$ cat query-v5.txt   # compact mmCIF, C-alpha atoms and all ligand atoms
# COMPACT_ATOMS: atom_id res chain seq x y z
CA MET F 23 -5.08 22.87 20.10
CA ALA F 24 -7.23 26.00 19.97
CA THR F 25 -9.45 26.34 16.93
CA ARG F 26 -8.45 28.57 14.06
CA ARG F 27 -9.23 32.27 14.47
CA PHE F 28 -10.53 34.26 11.49
CA HIS F 29 -9.97 37.97 10.96
CA ALA F 30 -11.95 40.82 9.38
CA PRO F 31 -9.58 43.79 9.76
CA ALA F 32 -11.98 46.21 8.03
CA ASP F 33 -14.91 45.41 10.30
CA PRO F 34 -14.31 45.54 14.08
CA ALA F 35 -17.74 44.07 14.94
CA LEU F 36 -17.13 41.10 12.66
CA SER F 37 -13.62 40.73 14.06
CA ASN F 38 -15.15 40.57 17.55
CA LEU F 39 -17.60 37.92 16.38
CA TYR F 40 -14.70 35.87 14.95
CA ALA F 41 -12.80 36.19 18.24
CA ASP F 42 -15.86 34.97 20.20
CA LEU F 43 -16.39 32.11 17.75
CA ALA F 44 -12.76 31.01 18.17
CA GLU F 45 -13.13 31.24 21.96
CA ARG F 46 -16.02 28.74 21.75
CA ASN F 47 -14.37 26.47 19.16
CA LEU F 48 -16.66 27.43 16.32
CA GLN F 49 -15.72 28.26 12.73
CA PRO F 50 -17.72 30.25 10.15
CA LEU F 51 -18.32 28.10 7.07
CA TRP F 52 -18.39 31.24 4.88
CA GLU F 53 -14.68 31.73 5.59
CA LEU F 54 -13.72 28.09 4.90
CA THR F 55 -12.47 27.07 1.50
CA GLY F 56 -11.59 23.74 -0.05
CA LEU F 57 -14.16 21.67 1.83
CA LEU F 58 -16.30 20.74 -1.14
CA THR F 59 -14.09 20.21 -4.13
CA PRO F 60 -15.47 19.45 -7.61
CA THR F 61 -13.48 16.21 -7.61
CA PRO F 62 -11.66 14.42 -4.76
CA LYS F 63 -8.80 16.47 -3.40
CA ALA F 64 -5.40 14.84 -3.95
CA TRP F 65 -4.06 15.07 -0.42
CA ALA F 66 -2.20 11.78 -0.74
CA THR F 67 0.14 11.34 -3.68
CA PRO F 68 1.24 8.20 -5.53
CA TYR F 69 4.40 6.50 -4.32
CA ARG F 70 6.51 3.48 -5.31
CA TRP F 71 8.71 1.38 -3.01
CA ARG F 72 11.35 -0.73 -4.76
CA GLY F 73 11.23 -4.51 -4.23
CA LYS F 74 15.01 -4.76 -4.32
CA GLU F 75 15.35 -2.27 -1.45
CA LEU F 76 12.50 -3.85 0.55
CA ARG F 77 14.22 -7.26 0.28
CA GLU F 78 17.56 -5.89 1.47
CA LEU F 79 16.14 -3.80 4.32
CA GLY F 80 13.91 -6.69 5.46
CA ALA F 81 16.94 -8.97 5.63
CA ARG F 82 18.89 -6.35 7.63
CA ALA F 83 15.98 -6.02 10.07
CA GLY F 84 16.01 -9.83 10.28
CA ASP F 85 19.63 -9.75 11.42
CA LEU F 86 19.18 -6.95 13.93
CA VAL F 87 15.68 -7.04 15.35
CA PRO F 88 13.94 -9.90 17.17
CA VAL F 89 10.43 -10.66 15.99
CA ASP F 90 8.76 -9.96 19.32
CA ARG F 91 9.56 -6.23 19.30
CA GLY F 92 6.45 -4.05 19.03
CA GLY F 93 3.26 -5.62 17.72
CA ASP F 94 4.77 -9.15 17.62
CA ARG F 95 5.79 -8.73 14.00
CA ARG F 96 8.94 -7.79 12.07
CA VAL F 97 7.22 -5.48 9.66
CA LEU F 98 8.42 -2.53 7.57
CA SER F 99 5.41 -0.32 6.98
CA LEU F 100 5.02 1.64 3.76
CA ALA F 101 4.89 5.25 4.96
CA ASN F 102 3.63 7.41 2.11
CA PRO F 103 5.57 10.72 2.46
CA SER F 104 2.39 12.68 1.63
CA LEU F 105 0.71 11.41 4.81
CA GLY F 106 2.57 13.53 7.34
CA GLY F 107 4.73 10.82 8.88
CA ALA F 108 1.91 8.30 9.48
CA PRO F 109 2.94 4.67 8.81
CA TYR F 110 0.23 4.41 6.13
CA ALA F 111 0.51 3.76 2.40
CA THR F 112 -2.81 5.48 1.60
CA PRO F 113 -5.40 7.22 3.79
CA THR F 114 -7.30 3.91 4.19
CA LEU F 115 -4.74 1.14 3.61
CA TRP F 116 -1.71 -0.12 5.49
CA GLY F 117 0.90 -1.84 3.33
CA ALA F 118 4.09 -3.52 4.54
CA VAL F 119 6.68 -6.17 4.00
CA GLN F 120 7.02 -8.72 6.73
CA TYR F 121 10.18 -10.79 7.24
CA LEU F 122 10.33 -14.07 9.16
CA GLY F 123 13.63 -15.89 9.56
CA PRO F 124 14.24 -19.65 9.77
CA ALA F 125 12.79 -21.25 12.91
CA GLU F 126 11.07 -18.01 13.90
CA THR F 127 7.47 -17.60 15.04
CA ALA F 128 5.32 -14.46 15.06
CA PRO F 129 2.99 -15.22 17.98
CA ALA F 130 -0.81 -15.37 17.97
CA HIS F 131 -2.89 -12.25 18.28
CA ARG F 132 -6.08 -10.81 16.87
CA HIS F 133 -7.31 -7.36 15.97
CA THR F 134 -10.34 -5.76 14.38
CA PRO F 135 -8.39 -4.41 11.37
CA ALA F 136 -8.51 -7.11 8.69
CA ALA F 137 -5.30 -8.29 7.05
CA LEU F 138 -4.16 -10.21 4.03
CA ARG F 139 -0.83 -11.50 2.81
CA PHE F 140 0.30 -11.85 -0.78
CA VAL F 141 3.49 -13.88 -1.13
CA LEU F 142 5.94 -12.29 -3.55
CA GLU F 143 8.63 -14.98 -3.37
CA GLY F 144 9.76 -18.01 -1.41
CA GLU F 145 7.73 -20.55 0.49
CA GLY F 146 7.54 -22.52 3.68
CA VAL F 147 5.86 -20.29 6.26
CA TRP F 148 2.62 -21.51 7.81
CA THR F 149 0.04 -19.00 8.97
CA LEU F 150 -2.51 -20.34 11.44
CA VAL F 151 -5.86 -18.52 11.23
CA ASN F 152 -8.08 -19.54 14.14
CA GLY F 153 -5.84 -22.60 14.26
CA ASP F 154 -6.34 -23.48 10.57
CA PRO F 155 -2.90 -24.16 9.00
CA LEU F 156 -2.35 -22.25 5.73
CA HIS F 157 0.81 -22.84 3.76
CA MET F 158 2.40 -19.79 2.15
CA ALA F 159 4.17 -19.92 -1.20
CA ALA F 160 4.86 -17.44 -4.01
CA GLY F 161 1.65 -16.07 -5.55
CA ASP F 162 -0.64 -17.30 -2.74
CA LEU F 163 -3.16 -14.98 -1.13
CA ILE F 164 -3.86 -15.64 2.57
CA LEU F 165 -6.68 -13.93 4.48
CA THR F 166 -6.70 -13.06 8.17
CA PRO F 167 -10.16 -11.49 8.53
CA SER F 168 -11.12 -9.07 11.28
CA TRP F 169 -10.83 -10.49 14.83
CA THR F 170 -9.44 -13.89 13.76
CA TRP F 171 -6.47 -15.27 15.73
CA HIS F 172 -3.39 -15.48 13.58
CA GLU F 173 0.26 -16.43 13.94
CA HIS F 174 3.10 -17.16 11.51
CA HIS F 175 5.62 -20.03 11.77
CA ASN F 176 8.73 -20.56 9.68
CA PRO F 177 9.83 -24.17 10.31
CA GLY F 178 12.24 -24.09 7.35
CA THR F 179 15.86 -23.13 6.91
CA THR F 180 15.40 -20.06 4.70
CA PRO F 181 13.92 -16.67 5.57
CA MET F 182 10.67 -15.57 3.97
CA ALA F 183 9.19 -12.16 3.22
CA TRP F 184 5.72 -11.26 2.02
CA PHE F 185 3.43 -8.30 1.36
CA ASP F 186 0.89 -7.43 4.08
CA ALA F 187 -2.15 -5.21 3.54
CA LEU F 188 -4.54 -4.10 6.28
CA ASP F 189 -7.52 -1.74 6.51
CA LEU F 190 -5.94 -0.31 9.70
CA PRO F 191 -6.08 3.43 8.77
CA LEU F 192 -9.76 3.08 7.92
CA VAL F 193 -10.61 1.15 11.08
CA GLU F 194 -8.61 3.64 13.11
CA ALA F 195 -10.46 6.59 11.54
CA LEU F 196 -13.73 4.87 12.46
CA GLY F 197 -12.60 4.48 16.08
CA ALA F 198 -12.94 0.71 15.94
CA VAL F 199 -9.44 -0.69 16.64
CA PHE F 200 -9.29 -3.52 19.20
CA PHE F 201 -6.29 -5.78 19.78
CA GLU F 202 -5.70 -8.85 21.93
CA ARG F 203 -2.63 -11.05 22.51
CA GLY F 204 -3.03 -14.82 22.20
CA HIS F 205 -1.54 -17.81 23.96
CA GLU F 206 2.08 -17.79 25.02
CA PRO F 207 4.48 -18.53 22.18
CA GLY F 208 5.65 -22.10 22.46
CA ALA F 209 2.60 -23.26 24.46
CA ALA F 210 1.82 -26.84 23.48
CA ARG F 211 -1.12 -27.02 21.10
CA VAL F 212 -2.44 -29.47 18.61
CA THR F 213 -2.72 -28.17 15.06
CA ALA F 214 -4.79 -29.93 12.43
CA PRO F 215 -2.64 -31.65 9.79
CA ARG F 216 -4.41 -29.76 7.00
CA SER F 217 -6.62 -26.75 6.50
CA ALA F 218 -10.36 -27.24 7.10
CA SER F 219 -11.01 -23.99 5.20
CA GLU F 220 -9.23 -25.35 2.13
CA SER F 221 -10.72 -28.84 2.30
CA ARG F 222 -14.27 -27.47 2.68
CA TYR F 223 -14.15 -24.50 0.29
CA GLY F 224 -11.10 -25.01 -1.93
CA GLY F 225 -12.11 -28.34 -3.46
CA GLY F 226 -12.73 -27.01 -6.93
CA PRO F 227 -14.68 -24.42 -8.90
CA GLY F 228 -18.38 -24.47 -8.04
CA LEU F 229 -18.10 -27.18 -5.39
CA LEU F 230 -19.38 -26.41 -1.91
CA PRO F 231 -19.89 -28.77 1.03
CA CYS F 232 -23.48 -30.00 1.59
CA ASP F 233 -23.05 -30.53 5.30
CA GLY F 234 -21.25 -29.13 8.29
CA PRO F 235 -21.31 -25.67 9.80
CA SER F 236 -22.57 -22.65 7.86
CA PRO F 237 -19.83 -20.44 6.47
CA PRO F 238 -19.06 -17.18 8.29
CA ALA F 239 -21.19 -14.29 7.03
CA ALA F 240 -18.67 -11.46 7.20
CA HIS F 241 -15.82 -12.82 5.07
CA SER F 242 -14.83 -15.57 2.68
CA PRO F 243 -14.63 -18.99 4.38
CA LEU F 244 -11.77 -19.84 2.00
CA LEU F 245 -8.66 -18.41 3.64
CA ARG F 246 -6.00 -19.38 1.10
CA TYR F 247 -6.12 -18.77 -2.67
CA PRO F 248 -3.23 -20.81 -4.11
CA TRP F 249 -1.23 -19.41 -7.00
CA ALA F 250 -1.85 -22.47 -9.19
CA ALA F 251 -5.59 -21.66 -9.30
CA THR F 252 -5.05 -17.92 -9.89
CA ASP F 253 -2.52 -18.60 -12.66
CA ARG F 254 -4.88 -21.11 -14.30
CA ALA F 255 -7.76 -18.62 -14.20
CA LEU F 256 -5.66 -15.88 -15.82
CA SER F 257 -4.31 -18.20 -18.51
CA SER F 258 -7.75 -19.52 -19.34
CA ARG F 259 -9.19 -15.98 -19.58
CA LEU F 260 -6.46 -15.10 -22.08
CA ALA F 261 -6.84 -18.37 -24.00
CA ASP F 262 -10.64 -17.98 -24.19
CA GLU F 263 -11.62 -18.14 -27.86
CA GLY F 264 -13.63 -14.94 -27.82
CA ALA F 265 -10.92 -13.10 -25.97
CA GLU F 266 -8.26 -14.41 -28.32
CA ALA F 267 -10.25 -13.40 -31.38
CA ALA F 268 -10.68 -9.91 -29.92
CA GLY F 269 -6.91 -9.76 -29.40
CA ALA F 270 -7.17 -9.61 -25.60
CA ARG F 271 -3.85 -8.67 -24.09
CA HIS F 272 -5.11 -8.34 -20.55
CA ALA F 273 -6.88 -10.60 -18.08
CA HIS F 274 -7.95 -9.82 -14.55
CA VAL F 275 -9.63 -11.90 -11.89
CA ARG F 276 -11.16 -10.90 -8.58
CA PHE F 277 -10.62 -13.05 -5.49
CA ALA F 278 -14.13 -13.87 -4.25
CA ASP F 279 -16.00 -15.59 -1.44
CA PRO F 280 -16.82 -18.94 -3.14
CA THR F 281 -20.22 -19.14 -1.42
CA ASN F 282 -21.63 -15.86 -2.74
CA GLY F 283 -19.16 -14.16 -5.13
CA ARG F 284 -18.66 -11.21 -2.81
CA ASP F 285 -15.29 -9.68 -2.03
CA VAL F 286 -13.05 -11.74 0.24
CA MET F 287 -13.50 -9.35 3.16
CA PRO F 288 -15.95 -6.45 3.74
CA THR F 289 -13.30 -3.72 3.50
CA MET F 290 -10.85 -4.96 0.87
CA ARG F 291 -11.06 -6.10 -2.75
CA CYS F 292 -8.26 -8.25 -4.15
CA GLU F 293 -7.53 -8.79 -7.82
CA MET F 294 -4.81 -10.33 -9.98
CA HIS F 295 -4.01 -8.75 -13.34
CA ARG F 296 -1.98 -10.14 -16.24
CA TYR F 297 -0.86 -7.88 -19.10
CA LEU F 298 0.81 -9.29 -22.18
CA PRO F 299 3.93 -7.63 -23.67
CA GLY F 300 3.33 -4.43 -25.55
CA HIS F 301 -0.09 -3.88 -23.99
CA THR F 302 -1.06 -0.41 -22.75
CA THR F 303 -4.38 -0.01 -20.94
CA PRO F 304 -6.56 3.09 -21.18
CA ALA F 305 -6.19 5.45 -18.19
CA LEU F 306 -8.91 5.16 -15.56
CA ARG F 307 -9.65 6.95 -12.28
CA ARG F 308 -11.61 5.57 -9.36
CA THR F 309 -12.72 6.72 -5.94
CA GLY F 310 -10.96 4.91 -3.09
CA SER F 311 -7.33 3.97 -2.84
CA SER F 312 -5.36 0.87 -3.72
CA LEU F 313 -1.98 -0.81 -3.45
CA VAL F 314 -0.31 -2.61 -6.33
CA ALA F 315 2.20 -5.41 -5.69
CA ALA F 316 4.31 -6.34 -8.73
CA PHE F 317 4.62 -10.14 -8.77
CA ARG F 318 6.23 -11.19 -12.06
CA GLY F 319 7.45 -9.45 -15.20
CA THR F 320 8.28 -5.84 -15.89
CA GLY F 321 6.48 -2.82 -17.27
CA ALA F 322 5.23 0.50 -15.99
CA VAL F 323 2.34 1.99 -14.06
CA VAL F 324 1.41 5.47 -15.24
CA LEU F 325 -0.11 7.51 -12.38
CA ASP F 326 -1.51 10.94 -13.21
CA GLY F 327 0.72 10.96 -16.26
CA ILE F 328 3.93 10.01 -14.46
CA SER F 329 5.41 6.68 -15.45
CA TYR F 330 6.79 4.42 -12.70
CA ASP F 331 8.62 1.42 -14.09
CA VAL F 332 7.93 -1.75 -12.12
CA ALA F 333 9.95 -4.86 -11.37
CA PRO F 334 9.08 -7.88 -9.20
CA GLY F 335 8.53 -6.95 -5.56
CA ASP F 336 7.78 -3.27 -6.18
CA LEU F 337 4.85 -1.88 -4.18
CA ILE F 338 2.86 1.14 -5.33
CA ALA F 339 0.33 3.34 -3.54
CA VAL F 340 -2.50 4.67 -5.72
CA PRO F 341 -4.60 7.35 -3.96
CA SER F 342 -8.22 8.13 -4.77
CA TRP F 343 -9.03 9.63 -8.17
CA THR F 344 -5.50 9.11 -9.51
CA SER F 345 -5.53 8.24 -13.19
CA VAL F 346 -3.98 4.79 -13.68
CA ALA F 347 -2.72 3.04 -16.80
CA TYR F 348 -0.54 -0.06 -17.15
CA ILE F 349 2.13 -0.85 -19.72
CA ALA F 350 3.67 -4.34 -20.02
CA ASP F 351 7.18 -4.97 -21.33
CA GLU F 352 7.16 -8.66 -20.44
CA PRO F 353 4.12 -10.66 -19.32
CA LEU F 354 3.29 -8.61 -16.23
CA ASP F 355 1.40 -10.05 -13.24
CA LEU F 356 0.17 -7.52 -10.67
CA PHE F 357 -1.73 -8.13 -7.44
CA THR F 358 -3.99 -5.26 -6.32
CA VAL F 359 -5.85 -4.57 -3.09
CA SER F 360 -8.30 -1.70 -2.71
CA ASP F 361 -10.99 -0.34 -0.40
CA ALA F 362 -13.59 -0.57 -3.23
CA PRO F 363 -16.10 -2.69 -1.19
CA VAL F 364 -16.34 0.17 1.33
CA LEU F 365 -16.90 2.79 -1.37
CA GLU F 366 -19.52 0.54 -3.00
CA ALA F 367 -21.34 -0.18 0.28
CA LEU F 368 -21.55 3.55 0.96
CA ALA F 369 -22.67 4.36 -2.61
CA LEU F 370 -19.52 6.46 -3.11
CA TYR F 371 -17.85 4.37 -5.79
CA ARG F 372 -17.22 6.16 -9.09
CA GLU F 373 -14.92 5.51 -11.97
CA GLU F 374 -14.31 7.26 -15.25
CA ALA F 375 -11.99 7.15 -18.20
CA ALA F 376 -9.22 9.69 -17.71
CA ALA F 377 -8.03 11.72 -20.64
CA ASP F 378 -4.65 10.12 -21.27
CA PRO F 379 -2.24 12.79 -20.09
CA PRO F 380 1.11 12.82 -21.83
CA GLU F 381 3.74 10.96 -19.84
CA THR F 382 5.51 13.80 -18.09
CA SER F 383 8.55 12.09 -16.70
CA LEU F 384 10.17 8.81 -15.90
CA THR F 385 11.10 8.64 -12.23
CA PRO F 386 14.47 7.08 -11.33
C1 LIG F 401 -0.25 -7.67 11.94
O1 LIG F 401 -0.93 -8.31 12.89
C2 LIG F 401 0.45 -8.38 11.01
O2 LIG F 401 -0.29 -10.48 11.80
C3 LIG F 401 1.15 -7.72 10.02
O3 LIG F 401 1.22 -10.48 10.34
C4 LIG F 401 1.17 -6.36 9.95
C5 LIG F 401 0.46 -4.24 10.85
C6 LIG F 401 -0.21 -3.50 11.77
C7 LIG F 401 -0.91 -4.12 12.76
C8 LIG F 401 -0.95 -5.49 12.85
C9 LIG F 401 0.46 -9.88 11.07
C10 LIG F 401 0.46 -5.62 10.90
C11 LIG F 401 -0.26 -6.26 11.90

$ encode --input "query-v5.txt" --output "structure tokens"
Amino acid sequence: MATRRFHAPADPALSNLYADLAERNLQPLWELTGLLTPTPKAWATPYRWRGKELRELGARAGDLVPVDRGGDRRVLSLANPSLGGAPYATPTLWGAVQYLGPAETAPAHRHTPAALRFVLEGEGVWTLVNGDPLHMAAGDLILTPSWTWHEHHNPGTTPMAWFDALDLPLVEALGAVFFERGHEPGAARVTAPRSASESRYGGGPGLLPCDGPSPPAAHSPLLRYPWAATDRALSSRLADEGAEAAGARHAHVRFADPTNGRDVMPTMRCEMHRYLPGHTTPALRRTGSSLVAAFRGTGAVVLDGISYDVAPGDLIAVPSWTSVAYIADEPLDLFTVSDAPVLEALALYREEAAADPPETSLTP
């Protein structure tokens, strides 16, 4: 596409200059507006996908589409309508629901975009990450870090669906996407009876192995964060004496690399939030985008003053510098994934309290 041509109708010499600039694919900065905005420009807008609809559409895809079509996965990508038809939930994050029927396998592959799965309901799929068998059940977080081989197996009799998040749009923008297919599906292989990642790094809080190989540097060596541990951590934060005395109605925990406390992967931060009934948080805005997956309970997420009610399975895109507040009707458990580690590494992370705008509308 040719570059944009500027015009100066009152000045023929300047008009000629603009024509010559356009000819050579140059643009005059003094004619460009909107490049440096006082605060981040809202070119992506918030969006909510309904869990009920995702479940139904996933099941229909399960009936109609074999798993080996396109990318080896039966995945419905969250395509934020503000992103011009791209299959992206935010400018940096891919979000999706993936559906795997009984006795189905999504074959091994690896790619440089990092992925994670948060299980919204059901159980029984095994994800192998570099051959390490990780069981998936409701509330579990499973990591498939950049360039690790991964495949999903459903040996059970019921279908399973889960939430996928990847840093694919970011890695694509950086020109760093690589992809490779793995062994043939069905090729005979021996899989360990249990996860080495979990036995080495999931033994208990503060317990690390004294021997054996050093953990990988780029991501958490623990690849599965079981719901029981997350739930226990949230309950104990809320039951903490100090917190109780201060009337805490909200607990949040960050999923961390157990060897150093850093985020689970270099590009994505994962957290679990629990809000008790009647609690409303102050509104906050942050640089970088995030996805919210509603796990249990009901309430609302207020984005730039618009209230989106949430029920289990709902997925919500929160673009950069959107003001966010949460309201719980029942105990509300929300999983969040964001690109915050990238913003922090680049010294671009900012957050500030947002003036609570009045709630303007309740979307259907
Ligand atoms: C992928 O490999 C998975 O392994 C899920 O489950 C979603 C979306 C885009 C590209 C690769 C998976 C994906 C994906």

$ residues_around --input "query-v5.txt" --residues "region 54-62 of chain F" --least-positions-apart "3" --cutoff "7 Å" --atoms "all atoms listed in the file" --output "JSON, numbers by chain"
{"F": [50, 51, 343]}

$ residues_near_ligand --input "query-v5.txt" --ligand "ligand LIG 401 (chain F)" --cutoff "9 Å" --atoms "only C-alpha atoms and all ligand atoms" --output "PyMOL selection string"
chain F and resi 93-99+116-120+128-133+135-139+149+166+171-174+185-188+190+201

$ axis_aligned_box --input "query-v5.txt" --around "region 43-47 of chain F" --padding-each-side "8 Å" --output "AutoDock Vina command-line options"
--center_x -14.6 --center_y 29.3 --center_z 19.9 --size_x 19.6 --size_y 21.6 --size_z 20.2

$ residues_around --input "query-v5.txt" --residues "region 251-265 of chain F" --least-positions-apart "2" --cutoff "9 Å" --atoms "only C-alpha atoms" --output "list in words"
Gly161, Asp162, Tyr247, Pro248, Trp249, Ala267, Ala268, Gly269, Ala270, Arg271, His272, Ala273, His274, Val275, Phe277, Met294, His295 and Arg296 of chain F

$ closest_residue --input "query-v5.txt" --among "F:Val332, F:Met182, F:Leu79, F:Ala66" --to "Ser312 (chain F)" --atoms "all atoms listed in the file"
F:Ala66

$ atom_distance --input "query-v5.txt" --atom1 "CA of Ile349 (chain F)" --atom2 "CA of Thr67 (chain F)"
20.2 Å

$ atom_distance --input "query-v5.txt" --atom1 "CA of Pro280 (chain F)" --atom2 "CA of Asp233 (chain F)"
15.6 Å

$ atom_distance --input "query-v5.txt" --atom1 "CA of Asp326 (chain F)" --atom2 "CA of Glu373 (chain F)"
14.5 Å

$ residues_around --input "query-v5.txt" --residues "Asn176 (chain F)" --least-positions-apart "6" --cutoff "6 Å" --atoms "all atoms listed in the file" --output "list in words"
Pro124, Ala125, Glu126 and Val147 of chain F

$ closest_residue --input "query-v5.txt" --among "F:His241, F:Ala101, F:Pro68, F:Ala315" --to "Ile328 (chain F)" --atoms "all atoms listed in the file"
F:Pro68

$ closest_residue --input "query-v5.txt" --among "F:Ala111, F:Leu142, F:Ala316, F:Val324" --to "Asp355 (chain F)" --atoms "all atoms listed in the file"
F:Ala316

$ closest_residue --input "query-v5.txt" --among "F:Leu245, F:Ala81, F:Val340, F:Ala24" --to "Ala41 (chain F)" --atoms "only C-alpha atoms"
F:Ala24

$ closest_residue --input "query-v5.txt" --among "F:Ala367, F:Arg27, F:Arg70, F:Pro353" --to "Val323 (chain F)" --atoms "all atoms listed in the file"
F:Arg70

$ closest_residue --input "query-v5.txt" --among "F:Pro238, F:Leu230, F:Leu39, F:Tyr121" --to "Arg77 (chain F)" --atoms "all atoms listed in the file"
F:Tyr121

$ decode --input "query-v5.txt" --residues "region 340-357 of chain F" --atoms "N, CA and C atoms" --output "PDB file, in the first residue's frame"
ATOM      1  N   VAL F 340      -9.802  -7.053  29.012  1.00  0.00           N
ATOM      2  CA  VAL F 340      -9.604  -5.746  29.648  1.00  0.00           C
ATOM      3  C   VAL F 340      -8.397  -5.071  28.999  1.00  0.00           C
ATOM      4  N   PRO F 341      -8.618  -4.133  28.072  1.00  0.00           N
ATOM      5  CA  PRO F 341      -7.490  -3.468  27.420  1.00  0.00           C
ATOM      6  C   PRO F 341      -6.738  -2.527  28.360  1.00  0.00           C
ATOM      7  N   SER F 342      -5.574  -2.079  27.881  1.00  0.00           N
ATOM      8  CA  SER F 342      -4.724  -1.187  28.668  1.00  0.00           C
ATOM      9  C   SER F 342      -5.477   0.064  29.109  1.00  0.00           C
ATOM     10  N   TRP F 343      -5.196   0.470  30.341  1.00  0.00           N
ATOM     11  CA  TRP F 343      -5.657   1.745  30.902  1.00  0.00           C
ATOM     12  C   TRP F 343      -7.179   1.840  31.013  1.00  0.00           C
ATOM     13  N   THR F 344      -7.831   0.658  31.022  1.00  0.00           N
ATOM     14  CA  THR F 344      -9.270   0.601  31.302  1.00  0.00           C
ATOM     15  C   THR F 344      -9.447   0.639  32.816  1.00  0.00           C
ATOM     16  N   SER F 345     -10.377   1.407  33.314  1.00  0.00           N
ATOM     17  CA  SER F 345     -10.596   1.375  34.762  1.00  0.00           C
ATOM     18  C   SER F 345     -11.418   0.128  35.108  1.00  0.00           C
ATOM     19  N   VAL F 346     -10.967  -0.593  36.140  1.00  0.00           N
ATOM     20  CA  VAL F 346     -11.561  -1.889  36.494  1.00  0.00           C
ATOM     21  C   VAL F 346     -11.979  -1.897  37.954  1.00  0.00           C
ATOM     22  N   ALA F 347     -13.213  -2.296  38.224  1.00  0.00           N
ATOM     23  CA  ALA F 347     -13.653  -2.536  39.594  1.00  0.00           C
ATOM     24  C   ALA F 347     -14.464  -3.832  39.606  1.00  0.00           C
ATOM     25  N   TYR F 348     -14.452  -4.509  40.742  1.00  0.00           N
ATOM     26  CA  TYR F 348     -15.190  -5.778  40.865  1.00  0.00           C
ATOM     27  C   TYR F 348     -16.262  -5.648  41.930  1.00  0.00           C
ATOM     28  N   ILE F 349     -17.381  -6.300  41.678  1.00  0.00           N
ATOM     29  CA  ILE F 349     -18.487  -6.346  42.641  1.00  0.00           C
ATOM     30  C   ILE F 349     -18.898  -7.812  42.796  1.00  0.00           C
ATOM     31  N   ALA F 350     -18.955  -8.310  44.044  1.00  0.00           N
ATOM     32  CA  ALA F 350     -19.356  -9.708  44.245  1.00  0.00           C
ATOM     33  C   ALA F 350     -20.785  -9.776  44.760  1.00  0.00           C
ATOM     34  N   ASP F 351     -21.584 -10.669  44.161  1.00  0.00           N
ATOM     35  CA  ASP F 351     -22.923 -10.956  44.685  1.00  0.00           C
ATOM     36  C   ASP F 351     -22.871 -12.187  45.579  1.00  0.00           C
ATOM     37  N   GLU F 352     -22.155 -13.192  45.073  1.00  0.00           N
ATOM     38  CA  GLU F 352     -21.878 -14.420  45.840  1.00  0.00           C
ATOM     39  C   GLU F 352     -20.368 -14.446  45.970  1.00  0.00           C
ATOM     40  N   PRO F 353     -19.798 -15.373  46.780  1.00  0.00           N
ATOM     41  CA  PRO F 353     -18.336 -15.475  46.762  1.00  0.00           C
ATOM     42  C   PRO F 353     -17.905 -15.651  45.307  1.00  0.00           C
ATOM     43  N   LEU F 354     -17.033 -14.776  44.844  1.00  0.00           N
ATOM     44  CA  LEU F 354     -16.699 -14.709  43.420  1.00  0.00           C
ATOM     45  C   LEU F 354     -15.214 -15.013  43.237  1.00  0.00           C
ATOM     46  N   ASP F 355     -14.912 -16.079  42.492  1.00  0.00           N
ATOM     47  CA  ASP F 355     -13.525 -16.468  42.220  1.00  0.00           C
ATOM     48  C   ASP F 355     -13.215 -16.168  40.763  1.00  0.00           C
ATOM     49  N   LEU F 356     -12.207 -15.337  40.533  1.00  0.00           N
ATOM     50  CA  LEU F 356     -11.825 -14.950  39.172  1.00  0.00           C
ATOM     51  C   LEU F 356     -10.361 -15.267  38.936  1.00  0.00           C
ATOM     52  N   PHE F 357     -10.083 -15.888  37.800  1.00  0.00           N
ATOM     53  CA  PHE F 357      -8.697 -16.096  37.356  1.00  0.00           C
ATOM     54  C   PHE F 357      -8.352 -14.952  36.414  1.00  0.00           C
TER      55      PHE F 357
END
